[in-house]
>>> print(open('work06.txt').read())   # compact mmCIF, C-alpha atoms
# COMPACT_ATOMS: atom_id res chain seq x y z
CA MET A 1 0.00 0.00 0.00
CA GLN A 2 1.37 3.38 -0.90
CA ASP A 3 1.50 5.84 1.93
CA ILE A 4 -0.93 8.76 2.03
CA SER A 5 0.48 12.28 1.75
CA ARG A 6 0.41 14.52 4.82
CA ASP A 7 -1.60 17.12 2.88
CA VAL A 8 -4.42 14.66 2.14
CA VAL A 9 -4.45 13.46 5.76
CA GLU A 10 -4.64 17.05 7.01
CA ARG A 11 -7.47 17.95 4.67
CA ALA A 12 -9.38 14.83 5.67
CA SER A 13 -8.89 15.64 9.35
CA GLU A 14 -10.46 19.06 8.69
CA GLY A 15 -13.58 17.31 7.40
CA ASP A 16 -12.85 17.40 3.66
CA ILE A 17 -14.89 14.41 2.43
CA GLU A 18 -13.11 14.36 -0.95
CA ALA A 19 -9.74 13.98 0.78
CA PHE A 20 -11.21 11.19 2.86
CA GLU A 21 -12.50 9.49 -0.28
CA GLU A 22 -9.00 9.75 -1.74
CA ILE A 23 -7.65 7.92 1.31
CA TYR A 24 -10.35 5.28 0.87
CA ARG A 25 -9.60 4.79 -2.84
CA ILE A 26 -5.89 4.32 -2.15
CA SER A 27 -6.18 1.97 0.81
CA ALA A 28 -9.56 0.18 0.65
CA SER A 29 -8.37 -2.78 -1.42
CA TYR A 30 -5.47 -3.44 1.01
CA VAL A 31 -7.73 -3.17 4.02
CA TYR A 32 -10.34 -5.42 2.42
CA THR A 33 -7.77 -8.03 1.31
CA ILE A 34 -6.22 -8.27 4.77
CA ALA A 35 -9.67 -8.45 6.35
CA TYR A 36 -10.64 -11.24 3.97
CA ARG A 37 -7.41 -13.18 4.62
CA VAL A 38 -8.08 -13.05 8.34
CA THR A 39 -11.85 -13.63 8.37
CA HIS A 40 -12.27 -15.85 5.25
CA SER A 41 -15.62 -14.25 4.53
CA LYS A 42 -16.54 -11.52 2.05
CA GLU A 43 -19.36 -10.25 4.28
CA ASP A 44 -17.07 -10.07 7.30
CA ALA A 45 -14.32 -8.44 5.23
CA GLU A 46 -16.77 -5.76 4.08
CA GLU A 47 -17.95 -5.21 7.65
CA VAL A 48 -14.33 -4.90 8.81
CA THR A 49 -13.52 -2.49 5.94
CA GLN A 50 -16.47 -0.32 6.87
CA ASP A 51 -15.53 -0.31 10.57
CA VAL A 52 -11.89 0.45 9.73
CA PHE A 53 -12.75 3.53 7.67
CA MET A 54 -15.28 4.78 10.20
CA GLY A 55 -12.51 4.38 12.81
CA VAL A 56 -10.11 6.27 10.55
CA TYR A 57 -12.71 9.03 10.01
CA ARG A 58 -13.39 9.44 13.73
CA ASN A 59 -9.75 9.38 14.79
CA ILE A 60 -7.89 10.97 11.90
CA GLY A 61 -7.55 14.18 13.94
CA LYS A 62 -5.70 12.22 16.61
CA PHE A 63 -3.35 10.57 14.12
CA GLN A 64 0.20 11.52 14.94
CA SER A 65 2.99 11.17 12.45
CA ARG A 66 5.07 9.06 14.84
CA SER A 67 4.11 6.13 12.62
CA THR A 68 3.19 6.25 8.96
CA PHE A 69 -0.44 6.53 7.97
CA LYS A 70 -0.13 3.13 6.28
CA THR A 71 1.04 1.48 9.52
CA TRP A 72 -1.78 3.15 11.42
CA VAL A 73 -4.42 1.88 8.97
CA TYR A 74 -2.95 -1.65 9.03
CA ARG A 75 -3.06 -1.61 12.84
CA ILE A 76 -6.73 -0.61 12.91
CA THR A 77 -7.51 -3.27 10.29
CA MET A 78 -5.77 -6.05 12.19
CA ASN A 79 -7.37 -5.08 15.50
CA ILE A 80 -10.87 -5.00 14.06
CA ALA A 81 -10.45 -8.20 12.01
CA ILE A 82 -8.94 -10.22 14.88
CA ASN A 83 -11.55 -8.90 17.32
CA LEU A 84 -14.30 -9.93 14.94
CA ILE A 85 -13.12 -13.52 14.57
CA ASN A 86 -12.44 -13.85 18.30
CA ARG A 87 -15.94 -12.54 19.01
CA ARG A 88 -17.39 -15.07 16.56
CA LYS A 89 -15.36 -17.84 18.17
CA ARG A 90 -16.59 -16.92 21.65
CA LYS A 91 -20.16 -16.88 20.36
CA THR A 92 -19.91 -20.34 18.85
CA GLY A 93 -17.62 -21.55 21.66
CA ARG A 94 -15.37 -23.09 19.07
CA THR A 95 -11.60 -22.75 18.89
CA ILE A 96 -9.32 -24.17 16.23
CA THR A 97 -7.63 -27.31 17.46
CA TYR A 98 -4.57 -28.91 15.95
CA ASP A 99 -6.73 -31.70 14.52
CA ASP A 100 -9.02 -29.15 12.90
CA ALA A 101 -5.95 -27.63 11.35
CA ILE A 102 -4.75 -31.03 10.14
CA SER A 103 -8.11 -31.92 8.59
CA ALA A 104 -8.43 -28.52 6.95
CA GLY A 105 -4.88 -28.78 5.75
CA GLU A 106 -5.48 -32.12 4.09
CA ASN A 107 -7.11 -30.29 1.23
CA ILE A 108 -3.97 -28.34 0.56
CA TYR A 109 -1.54 -31.13 0.00
CA ALA A 110 -3.92 -33.99 -0.82
CA HIS A 111 -2.72 -34.17 -4.38
CA GLU A 112 0.89 -33.13 -4.37
CA GLY A 113 1.18 -33.07 -8.12
CA GLN A 114 -1.92 -31.00 -8.52
CA LEU A 115 -1.11 -28.49 -5.81
CA TYR A 116 -0.09 -25.70 -8.12
CA LYS A 117 -2.70 -26.57 -10.70
CA GLU A 118 -5.39 -25.80 -8.15
CA ASP A 119 -6.95 -22.47 -7.91
CA ASP A 120 -4.42 -20.26 -6.12
CA LYS A 121 -7.13 -18.59 -4.13
CA LYS A 122 -8.30 -21.86 -2.63
CA VAL A 123 -4.76 -22.90 -1.74
CA ILE A 124 -4.07 -19.58 -0.06
CA GLU A 125 -7.32 -19.70 1.84
CA SER A 126 -6.75 -23.28 2.98
CA MET A 127 -3.27 -22.45 4.20
CA LEU A 128 -4.38 -19.42 6.16
CA ARG A 129 -7.41 -21.17 7.59
CA VAL A 130 -5.26 -23.57 9.58
CA LEU A 131 -3.38 -20.82 11.38
CA PRO A 132 -4.46 -19.20 14.64
CA PRO A 133 -5.35 -15.48 14.21
CA GLU A 134 -2.12 -14.12 15.75
CA GLN A 135 0.12 -16.25 13.52
CA LYS A 136 -2.08 -15.54 10.52
CA ALA A 137 -1.76 -11.79 11.09
CA CYS A 138 2.04 -12.04 11.01
CA ILE A 139 2.06 -14.24 7.89
CA VAL A 140 -0.35 -11.92 6.03
CA LEU A 141 1.62 -8.79 6.87
CA LYS A 142 5.00 -10.37 6.10
CA VAL A 143 4.43 -12.59 3.08
CA MET A 144 1.46 -10.92 1.44
CA GLU A 145 2.02 -7.29 2.32
CA GLY A 146 5.81 -7.48 2.32
CA LEU A 147 6.29 -5.51 5.53
CA LYS A 148 9.44 -5.54 7.64
CA TYR A 149 9.49 -7.24 11.06
CA LYS A 150 9.80 -3.82 12.68
CA GLU A 151 6.65 -2.58 10.93
CA ILE A 152 4.71 -5.73 11.88
CA ALA A 153 5.78 -5.32 15.51
CA GLU A 154 4.55 -1.72 15.41
CA ILE A 155 1.23 -2.63 13.79
CA LEU A 156 0.46 -5.49 16.17
CA LYS A 157 2.05 -3.71 19.14
CA ILE A 158 4.23 -6.69 19.97
CA ASN A 159 7.93 -7.30 20.43
CA ILE A 160 9.96 -7.95 17.27
CA ASN A 161 11.02 -11.35 18.68
CA THR A 162 7.34 -12.22 19.12
CA VAL A 163 6.89 -11.50 15.41
CA ARG A 164 9.77 -13.90 14.71
CA SER A 165 8.41 -16.65 16.94
CA ARG A 166 4.89 -16.37 15.52
CA LEU A 167 6.20 -16.60 11.95
CA LYS A 168 8.38 -19.56 12.94
CA ARG A 169 5.47 -21.41 14.57
CA ALA A 170 3.17 -20.65 11.62
CA ARG A 171 5.67 -22.09 9.15
CA GLU A 172 6.37 -25.13 11.33
CA ARG A 173 2.64 -25.75 11.45
CA LEU A 174 2.31 -25.54 7.68
CA LEU A 175 5.34 -27.78 7.19
CA ALA A 176 4.00 -30.32 9.72
CA LEU A 177 0.73 -30.49 7.83
CA ARG A 178 2.59 -31.10 4.64
CA LYS A 179 4.74 -33.85 6.17
CA ARG A 180 1.76 -35.54 7.76
CA GLU A 181 -0.13 -35.48 4.50
CA ALA A 182 2.89 -36.84 2.63
CA SER A 183 3.30 -39.73 5.09
CA GLY A 184 -0.47 -40.38 4.89
CA ASP A 185 -0.18 -40.76 1.13
CA GLU A 186 2.52 -43.35 1.54
CA VAL A 187 0.35 -45.56 3.81
CA MET B 1 27.25 -23.26 11.90
CA LYS B 2 25.04 -26.16 13.01
CA CYS B 3 22.15 -27.31 10.83
CA LYS B 4 19.51 -26.71 13.52
CA LYS B 5 20.55 -23.10 13.96
CA VAL B 6 20.68 -22.62 10.19
CA GLN B 7 17.20 -24.09 9.77
CA ASP B 8 15.81 -21.89 12.54
CA MET B 9 17.18 -18.84 10.75
CA ILE B 10 15.83 -20.08 7.43
CA LYS B 11 12.34 -20.27 8.94
CA THR B 12 12.34 -16.58 9.73
CA ASP B 13 15.01 -13.96 9.00
CA TYR B 14 16.65 -15.74 6.05
CA ILE B 15 13.49 -16.54 4.10
CA ASP B 16 12.05 -13.12 4.90
CA GLY B 17 15.15 -11.21 3.80
CA GLU B 18 15.75 -9.70 7.22
CA LEU B 19 19.35 -10.86 7.74
CA ASP B 20 22.32 -8.56 7.45
CA ALA B 21 24.67 -9.21 4.54
CA SER B 22 27.42 -11.03 6.44
CA LEU B 23 25.07 -13.49 8.20
CA LYS B 24 23.20 -14.11 4.97
CA SER B 25 26.41 -15.00 3.13
CA ARG B 26 27.29 -17.44 5.94
CA ILE B 27 23.94 -19.19 5.55
CA ASP B 28 24.31 -19.20 1.75
CA GLU B 29 27.70 -20.83 2.17
CA HIS B 30 26.23 -23.49 4.50
CA LEU B 31 23.42 -24.23 2.02
CA ARG B 32 25.98 -24.75 -0.73
CA ILE B 33 27.66 -27.55 1.21
CA CYS B 34 24.68 -29.05 3.12
CA PRO B 35 22.08 -30.88 0.95
CA GLU B 36 19.76 -31.50 3.92
CA CYS B 37 19.46 -27.79 4.79
CA ARG B 38 19.13 -26.96 1.09
CA ARG B 39 16.16 -29.37 0.80
CA PHE B 40 14.68 -27.87 3.95
CA GLU B 41 14.96 -24.37 2.55
CA GLU B 42 13.32 -25.41 -0.75
CA ALA B 43 10.46 -27.23 1.02
CA LEU B 44 9.83 -24.27 3.28
CA ARG B 45 9.82 -21.79 0.41
CA GLU B 46 7.58 -23.92 -1.82
CA GLY B 47 5.24 -24.98 0.96
CA THR B 48 4.81 -21.89 3.07
CA VAL B 49 5.92 -18.81 1.17
CA ASP B 50 5.52 -19.03 -2.61
CA PRO B 51 1.81 -19.96 -2.71
CA LEU B 52 0.95 -17.04 -0.44
CA LYS B 53 2.90 -14.64 -2.64
CA LYS B 54 0.48 -15.42 -5.45
CA ALA B 55 -2.30 -13.79 -3.50
CA GLU B 56 -3.98 -11.04 -5.44
CA LEU B 57 -5.35 -7.78 -4.18
CA MET B 58 -9.13 -7.88 -3.75
CA GLN B 59 -11.60 -5.04 -4.23
CA PRO B 60 -14.54 -4.38 -1.92
CA SER B 61 -17.86 -3.64 -3.62
CA GLU B 62 -18.79 0.00 -4.26
CA ALA B 63 -21.59 -0.40 -1.72
CA VAL B 64 -18.96 -0.36 1.05
CA TRP B 65 -17.96 3.21 0.19
CA GLU B 66 -21.60 4.25 -0.19
CA ASN B 67 -22.30 2.88 3.31
CA ILE B 68 -19.26 4.64 4.77
CA ARG B 69 -20.23 7.94 3.13
CA ALA B 70 -23.81 7.66 4.37
CA ALA B 71 -22.61 6.85 7.90
CA ILE B 72 -20.28 9.88 7.84
CA GLU B 73 -23.10 12.17 6.68
CA GLU B 74 -25.36 10.84 9.45
CA GLU B 75 -22.64 11.29 12.04
CA ARG B 76 -22.01 14.87 10.90
CA THR B 77 -25.69 15.74 11.22
CA ARG B 78 -25.77 14.24 14.70
CA THR B 79 -22.65 16.03 15.88
CA PHE B 80 -23.67 19.48 14.57
CA PRO B 81 -25.75 20.49 17.66
CA ALA B 82 -22.95 19.32 19.90
CA ILE B 83 -20.57 21.64 18.08
CA SER B 84 -22.98 24.59 18.60
CA ILE B 85 -23.28 23.88 22.32
CA SER B 86 -19.54 23.72 22.70
CA ALA B 87 -19.17 26.97 20.75
CA LEU B 88 -21.68 28.64 23.04
CA ARG B 89 -19.90 27.28 26.09
CA ASP B 90 -16.62 28.69 24.79
CA LEU B 91 -18.27 32.06 24.55
CA PHE B 92 -18.63 32.15 28.33
CA ILE B 93 -15.21 30.88 29.16
CA PHE B 94 -12.81 33.73 29.89
CA ARG B 95 -9.24 32.86 29.23
CA LYS B 96 -8.02 36.29 30.56
CA PRO B 97 -9.59 36.91 34.00
CA LYS B 98 -8.33 40.51 34.38
CA LEU B 99 -9.93 41.46 31.10
CA ALA B 100 -13.12 39.73 32.17
CA ILE B 101 -13.26 41.72 35.43
CA VAL B 102 -12.76 45.04 33.59
CA ALA B 103 -15.41 44.06 31.03
CA ALA B 104 -17.86 43.12 33.79
CA PHE B 105 -17.23 46.45 35.60
CA LEU B 106 -17.78 48.47 32.43
CA LEU B 107 -20.93 46.52 31.70
CA ALA B 108 -22.24 47.23 35.23
CA VAL B 109 -21.49 50.97 34.83
CA ILE B 110 -23.26 51.13 31.48
CA ILE B 111 -26.30 49.26 32.77
CA THR B 112 -26.51 51.49 35.88
CA PHE B 113 -26.21 54.68 33.79
CA PHE B 114 -29.02 53.76 31.44
CA SER B 115 -31.25 52.45 34.24
CA VAL B 116 -30.96 55.69 36.26
CA ARG B 117 -31.53 57.80 33.20
CA TYR B 118 -34.63 55.85 32.32
CA TYR B 119 -35.96 56.08 35.89
CA VAL B 120 -35.40 59.85 36.06
CA SER B 121 -37.04 60.47 32.72
CA GLN B 122 -40.00 58.31 33.74
CA ASN B 123 -40.50 60.38 36.93
CA ALA B 124 -40.24 63.68 35.07
CA LEU B 125 -42.84 62.59 32.55
CA GLU B 126 -45.20 61.39 35.26
CA GLY B 127 -44.82 64.71 37.13
CA TYR B 128 -45.52 66.74 34.02
CA LEU B 129 -48.63 64.74 33.15
CA GLN B 130 -49.92 65.07 36.69
CA GLU B 131 -49.52 68.87 36.52
CA GLN B 132 -51.35 69.03 33.22
CA VAL B 133 -54.24 66.98 34.56
CA GLU B 134 -54.54 69.23 37.59
CA PHE B 135 -54.31 72.35 35.42
CA LEU B 136 -57.05 71.20 33.06
CA ASP B 137 -59.17 70.41 36.03
CA LEU B 138 -58.73 73.91 37.31
CA LEU B 139 -59.53 75.47 33.95
CA GLY B 140 -63.14 74.94 34.75
CA ASN B 141 -64.93 71.89 33.81
CA GLY B 142 -67.92 73.12 35.70
CA ASN B 143 -67.08 71.56 38.98
CA GLY B 144 -63.72 73.10 39.73
CA VAL B 145 -63.09 76.61 41.05
CA PHE B 146 -60.90 78.76 38.89
CA ASP B 147 -58.80 81.20 40.77
CA LEU B 148 -55.73 83.01 39.58
CA GLU B 149 -54.34 82.63 43.01
CA ASP B 150 -54.29 78.87 42.60
CA ILE B 151 -52.05 79.06 39.59
CA ASP B 152 -48.42 79.19 40.33
CA ILE B 153 -46.84 81.16 37.55
CA GLY B 154 -43.68 81.99 39.47
CA ILE B 155 -44.66 85.61 40.36
CA PRO B 156 -47.53 87.03 42.36
CA GLY B 157 -50.75 87.62 40.34
CA GLU B 158 -50.92 91.33 40.98
CA GLU B 159 -47.45 91.94 39.63
CA TYR B 160 -48.27 89.89 36.59
CA LEU B 161 -51.37 91.94 35.83
CA LEU B 162 -49.63 95.26 36.32
>>> encode(input="work06.txt", output="C-alpha cells")
Amino acid sequence: MQDISRDVVERASEGDIEAFEEIYRISASYVYTIAYRVTHSKEDAEEVTQDVFMGVYRNIGKFQSRSTFKTWVYRITMNIAINLINRRKRKTGRTITYDDAISAGENIYAHEGQLYKEDDKKVIESMLRVLPPEQKACIVLKVMEGLKYKEIAEILKININTVRSRLKRARERLLALRKREASGDEV
Amino acid sequence: MKCKKVQDMIKTDYIDGELDASLKSRIDEHLRICPECRRFEEALREGTVDPLKKAELMQPSEAVWENIRAAIEEERTRTFPAISISALRDLFIFRKPKLAIVAAFLLAVIITFFSVRYYVSQNALEGYLQEQVEFLDLLGNGNGVFDLEDIDIGIPGEEYLL
C-alpha cells in the first residue's frame, strides 16, 4: 500500500470528504484483502472495511505522524479483524484445534502433483485457515504485504522477537501439515 | 554453523530477507555444502511462502464506500448540535480573568447609567402629566373653582397683571 500524503491526511482531518475518499480509494483494497485473509468471509471483510474507515474518520484528527499513515491503517484493520473472529469464536464456543488444522490442511496437500494446478485462491485460503489469528496476522503482513518485522511489531504492538516466533510457529505448522499429509499418502 | 541453527534462521530472517549481509552469506555458504538444509529451505519456500505470494489484491464492492459515506453524513448531522453547544460554552469561558473583570465592571457601569436615566425620565414625565391633569381640572370643567391665586406662575398675580 502506498503511503498517504500529509496534505491529504490534514485535509481529511479538517472534514474534507473528498480527501477522505482519496484515502479510501488508495487503501480500501489493502484493508479489504487483509480483512478477507483473516476472516475468510466476504461479508465479514466488508464489515471490517467499513468499521476500519469509520474508525479512521473518527480518529484521523488524533493521528500523529510518529508512525506512517499506512502502519496506522494496518493496525486498525488487524485489530478489528482479529476482534471480529475472536468474538465469533466466543459466540460459537469453538476454537481451532490442531486436529481441525490437520483436517483442513489435508485439502492443501492432498494431491501433491496438482497443488499448483489448483486455484491459487483456494490454496491460499486453505493455508491461512489452519493458522491461529495471531500467527495468521504475522504471515499476512510479512508474506502478502511485504512488511518488515519492525513494521509488523509496530502494527500489532508486539515485540519484534514475538513476530519472529509467531512466523516460525506458523511455518512449522504448515510444514507439519505437509509432512503428515505426505506420510499419509505413503500408507 | 550447526544445521539446527541454520534451519531456525531459514524459517524466519533468512526466508524473509531480514538478515544482514554477512550473516546471509554465511547461511548461503552453508546451504551450498549441506544438501539437507538446502532441501529444507526449498520445502519451506515452496510450501509456506511461494503460494501465499500469489495472493492477489481484492476489491470491496462500491456499496462499502456508499455505506461509509452515508454513515459519515449521518454522524455529521448528529454532531452538529454538539458543536454549537460547545461553541456557546466557549463564549462564556474567559481565558483572561483581568480582562473579564474590567469588562464586567464596564458593563455594570453602562447598565446602571441607562437604568438611572430611564428612571429619572419616567419620573419627570409622570410629574408633568400630573400637573397638566390638575391644570385642566382647574380650567373649569364646571365643577372646579378657577382662581388666579391657585395658579403658580412663578410671580404674584398682581405683579403679573400690572
>>> closest_residue(input="work06.txt", among="A:Lys157, A:Arg169, A:Lys121, A:Lys91", to="Pro51 in chain B", atoms="only C-alpha atoms")
A:Lys121
>>> interface_residues(input="work06.txt", of="chain B", to="chain A", cutoff="9 Å", atoms="only C-alpha atoms", output="PyMOL selection string")
chain B and resi 8+11-13+16-18+43-44+47-61+64-65+67-69+71-72
>>> atom_distance(input="work06.txt", atom1="CA of Ile10 in chain B", atom2="CA of Val38 in chain A")
24.9 Å
>>> atom_distance(input="work06.txt", atom1="CA of Ala81 in chain A", atom2="CA of Leu156 in chain A")
12.0 Å
>>> atom_distance(input="work06.txt", atom1="CA of Ile76 in chain A", atom2="CA of Val56 in chain A")
8.0 Å
>>> residues_around(input="work06.txt", residues="range 1-4 of chain B", least_positions_apart="6", cutoff="9 Å", atoms="only C-alpha atoms", output="list in words")
Arg26, Ile27, His30, Cys34, Glu36 and Cys37 of chain B
